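Student: Quick one: structure below, then a few questions.
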Amino acid sequence: TTGVKAAVIVAAKVFAAILISSLIYRLEKLTMRKIIGCILGFSGIIIINMNGLKSGLNFSLLGDGFILISTIANGFSSVLIKKYSSNENPVLLSGWQFLFGGLIMAIIGLACGGNIGNITVNSVTILLYLAFVSAAAYSLWAMLLKYNPVSKVSVFGFMNPVCGVVISSIVLKESGSIGIHALAALALVCLGIFIVNREKNKSIS
């Protein structure tokens, strides 16, 4: 698959998490407000990746298909953390998830001929940094899921591709990344997040 198509498919994890939470585990209600907010946010992802999608939307099972399976698994992950964190420490749940997930991937990698080479101070430092960022971010995500509905937390996932484009433009000096389409995408994503998280007006008795 291409990076652009992967970004769009991965952004669908917001839909996956909300649908799984609402329709399978019945942890919350699927409302029109949540659907509209998700559609607006996903529209922003489409806009910011528009140039890369011009080549077509052909679907490859070994590329796009496995990214989609990963996206659905991610949706289940958020919902299960929400479900089990009511009685368990969400940080501990994240830790066990990383431990067993890492072991399974390491075993499969070694069985398929993978190896760890070119070990340097820089490579180890980068690995430790990425491990810390992943663990810290996912632990905070799990803590937010413990105290908030899945929809209110998951919808912020639409910000990832937008932030990726902005950071790429600043750090990697990619020209043309930030423009009208990026601003429009950011506006749609923010509007979607606002709609999903907006509280209903309560009548004054």
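Quick note on naming: the chains in the structure tokens go A, B, ... in the order shown, residues restart at 1 in each chain, and ligands are numbered from 1 in order of appearance.
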Please report, as CSV, each residue of segment 28-116 of chain A lying at most 8 Å from segment 129-143 of chain A, together with the nearest pair of atoms and the separation in Å rounded to one decimal; use only C-alpha atoms, and order rows by chain and ascending residue number.

Tutor:
residue,atom,partner,partner_atom,distance
A:Ser78,CA,A:Ala142,CA,7.5
A:Ile81,CA,A:Ala142,CA,6.4
A:Lys82,CA,A:Ala142,CA,7.3
A:Ser85,CA,A:Ala142,CA,7.9
A:Pro90,CA,A:Ala142,CA,5.3
A:Val91,CA,A:Ser139,CA,5.0
A:Ser94,CA,A:Ser139,CA,5.9
A:Gly95,CA,A:Ala135,CA,7.6
A:Phe98,CA,A:Ala135,CA,7.9

Student: Export, as a tab-separated table (two decimals), in the first residue's frame, the selected residues with N, CA, C and O atoms.

Tutor:
chain	number	residue	atom	x	y	z
A	78	SER	N	-9.10	-0.33	21.93
A	78	SER	CA	-9.60	0.82	22.69
A	78	SER	C	-10.84	0.45	23.48
A	78	SER	O	-10.98	0.82	24.66
A	81	ILE	N	-9.97	-1.91	26.45
A	81	ILE	CA	-9.34	-1.16	27.53
A	81	ILE	C	-10.40	-0.41	28.32
A	81	ILE	O	-10.38	-0.36	29.55
A	82	LYS	N	-11.35	0.20	27.61
A	82	LYS	CA	-12.45	0.89	28.26
A	82	LYS	C	-13.24	-0.07	29.15
A	82	LYS	O	-13.59	0.25	30.29
A	85	SER	N	-10.80	-1.52	32.13
A	85	SER	CA	-10.15	-0.54	33.02
A	85	SER	C	-11.07	-0.11	34.16
A	85	SER	O	-10.61	0.56	35.09
A	90	PRO	N	-5.45	1.04	34.12
A	90	PRO	CA	-5.27	1.16	32.67
A	90	PRO	C	-3.81	1.17	32.24
A	90	PRO	O	-3.48	0.68	31.15
A	91	VAL	N	-2.92	1.70	33.07
A	91	VAL	CA	-1.49	1.69	32.75
A	91	VAL	C	-0.95	0.26	32.75
A	91	VAL	O	-0.16	-0.13	31.89
A	94	SER	N	-2.08	-1.49	29.62
A	94	SER	CA	-1.24	-1.09	28.49
A	94	SER	C	0.09	-1.82	28.52
A	94	SER	O	0.61	-2.27	27.49
A	95	GLY	N	0.66	-1.95	29.72
A	95	GLY	CA	1.95	-2.62	29.86
A	95	GLY	C	1.89	-4.09	29.44
A	95	GLY	O	2.75	-4.56	28.69
A	98	PHE	N	1.58	-4.30	25.63
A	98	PHE	CA	2.86	-4.10	24.93
A	98	PHE	C	3.77	-5.31	25.10
A	98	PHE	O	4.46	-5.72	24.16

Student: Got a sec: who's within 12 Å of Val14 of chain A, counting only C-alpha atoms, leaving out chain neighbours fewer than 4 positions off, as a ChimeraX atom specification?

Tutor: /A:8-10,18-21,34-35,37-42,45,71-79,150-160,189,192-193,196

Student: What does the structure give for the distance between atom CA of Asp64 of chain A and atom CA of Val4 of chain A, in Å to one decimal?

Tutor: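 The value is 10.8 Å.
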
Student: I need the residue nearest Leu30 of chain A from this list: A:Lys5, A:Gly63, A:Phe15, A:Gly44. Use only C-alpha atoms for the distance.

Tutor: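 With only C-alpha atoms as the atom set, the closest residue is A:Phe15.
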
Student: Taking only residues of segment 8-107 of chain A that have an atom at most 12 Å from an atom of segment 112-127 of chain A, what is each one's shortest atom pair and its distance in Å to one decimal, using only C-alpha atoms, in chain and number order, as a tab-separated table?

Tutor:
residue	atom	partner	partner_atom	distance
A:Met105	CA	A:Cys112	CA	10.5
A:Ala106	CA	A:Gly114	CA	8.7
A:Ile107	CA	A:Cys112	CA	8.6

Student: What's the 12 Å shell around Leu183 of chain A, counting only C-alpha atoms, without same-chain residues fewer than 2 positions away, as a ChimeraX atom specification?

Tutor: /A:44-45,47-48,162-163,165-166,177-181,185-190

Student: For the selection just defined, write its residues with C-alpha atoms to a file, as an mmCIF file, in the first residue's frame.

Tutor:
data_model
loop_
_atom_site.group_PDB
_atom_site.id
_atom_site.type_symbol
_atom_site.label_atom_id
_atom_site.label_comp_id
_atom_site.auth_asym_id
_atom_site.auth_seq_id
_atom_site.Cartn_x
_atom_site.Cartn_y
_atom_site.Cartn_z
ATOM 1 C CA GLY A 44 -10.560 16.254 6.741
ATOM 2 C CA ILE A 45 -8.305 13.194 6.431
ATOM 3 C CA ILE A 47 -8.711 16.345 1.981
ATOM 4 C CA ILE A 48 -5.224 16.396 3.489
ATOM 5 C CA VAL A 162 -2.987 16.327 10.292
ATOM 6 C CA CYS A 163 -0.205 16.629 12.862
ATOM 7 C CA VAL A 165 1.631 16.598 7.715
ATOM 8 C CA VAL A 166 2.410 19.713 9.763
ATOM 9 C CA SER A 177 2.646 20.356 2.869
ATOM 10 C CA ILE A 178 0.954 23.254 4.624
ATOM 11 C CA GLY A 179 -1.564 25.057 2.450
ATOM 12 C CA ILE A 180 -5.247 25.726 2.017
ATOM 13 C CA HIS A 181 -6.047 21.990 1.932
ATOM 14 C CA ALA A 185 -8.580 19.551 6.837
ATOM 15 C CA LEU A 186 -7.645 20.915 10.261
ATOM 16 C CA ALA A 187 -10.889 22.919 10.408
ATOM 17 C CA LEU A 188 -12.993 19.847 9.538
ATOM 18 C CA VAL A 189 -11.168 17.653 12.043
ATOM 19 C CA CYS A 190 -11.565 20.228 14.827
#

Student: Report the residues of segment 2-204 of chain A whose backbone DSSP state falls under helix (DSSP H, G or I), written as JSON, numbers by chain.

Tutor: {"A": [3, 4, 5, 6, 7, 8, 9, 10, 11, 13, 14, 15, 16, 17, 18, 19, 20, 21, 22, 23, 24, 32, 33, 34, 35, 36, 37, 38, 39, 40, 41, 42, 43, 44, 45, 46, 47, 48, 50, 51, 52, 53, 61, 62, 63, 64, 65, 66, 67, 68, 69, 70, 71, 72, 73, 74, 75, 76, 77, 78, 79, 80, 81, 82, 83, 84, 90, 91, 92, 93, 94, 95, 96, 97, 98, 99, 100, 101, 102, 103, 104, 105, 106, 107, 108, 109, 110, 111, 121, 122, 123, 124, 125, 126, 127, 128, 129, 130, 131, 132, 133, 134, 135, 136, 137, 138, 139, 140, 141, 142, 143, 144, 145, 146, 147, 150, 151, 152, 153, 154, 155, 156, 157, 158, 159, 160, 161, 162, 163, 164, 165, 166, 167, 168, 169, 170, 171, 180, 181, 182, 183, 184, 185, 186, 187, 188, 189, 190, 191, 192, 193, 194, 195, 196, 197]}

Student: Would you mind reading off the distance between atom CA of Asn49 of chain A and atom CA of Thr1 of chain A, one decimal, in Å?

Tutor: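 Answer for the atom CA of Asn49 of chain A to atom CA of Thr1 of chain A separation: 14.0 Å.
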
Student: Restricting the calculation to only C-alpha atoms: of A:Trp96, A:Ile167, A:Gly102, A:Leu27, which residue gets closest to Asn148 of chain A?

Tutor: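 Checking each of A:Trp96, A:Ile167, A:Gly102, A:Leu27 against Asn148 of chain A, counting only C-alpha atoms, the winner is A:Leu27.
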
Student: What does the distance between atom CA of Ala16 of chain A and atom CA of Ile195 of chain A come to in Å, to one decimal place?

Tutor: 18.0 Å

Student: Find the residue from A:Leu145, A:Lys13, A:Pro161, A:Leu191 that sits nearest to Ile69 of chain A; use only C-alpha atoms when measuring.

Tutor: A:Lys13

Student: I'd like to know which of A:Leu99, A:Val171, A:Leu23, A:Ala6 is closest to Phe66 of chain A, using only C-alpha atoms.

Tutor: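 Under the stated criterion, the closest residue is A:Ala6.
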
Student: Compare A:Met50, A:Leu144, A:Ile36, A:Ile108 by their minimum atom-to-atom distance to Asn89 of chain A, counting only C-alpha atoms, and give me the closest one.

Tutor: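 Nearest candidate to Asn89 of chain A out of A:Met50, A:Leu144, A:Ile36, A:Ile108: A:Leu144.
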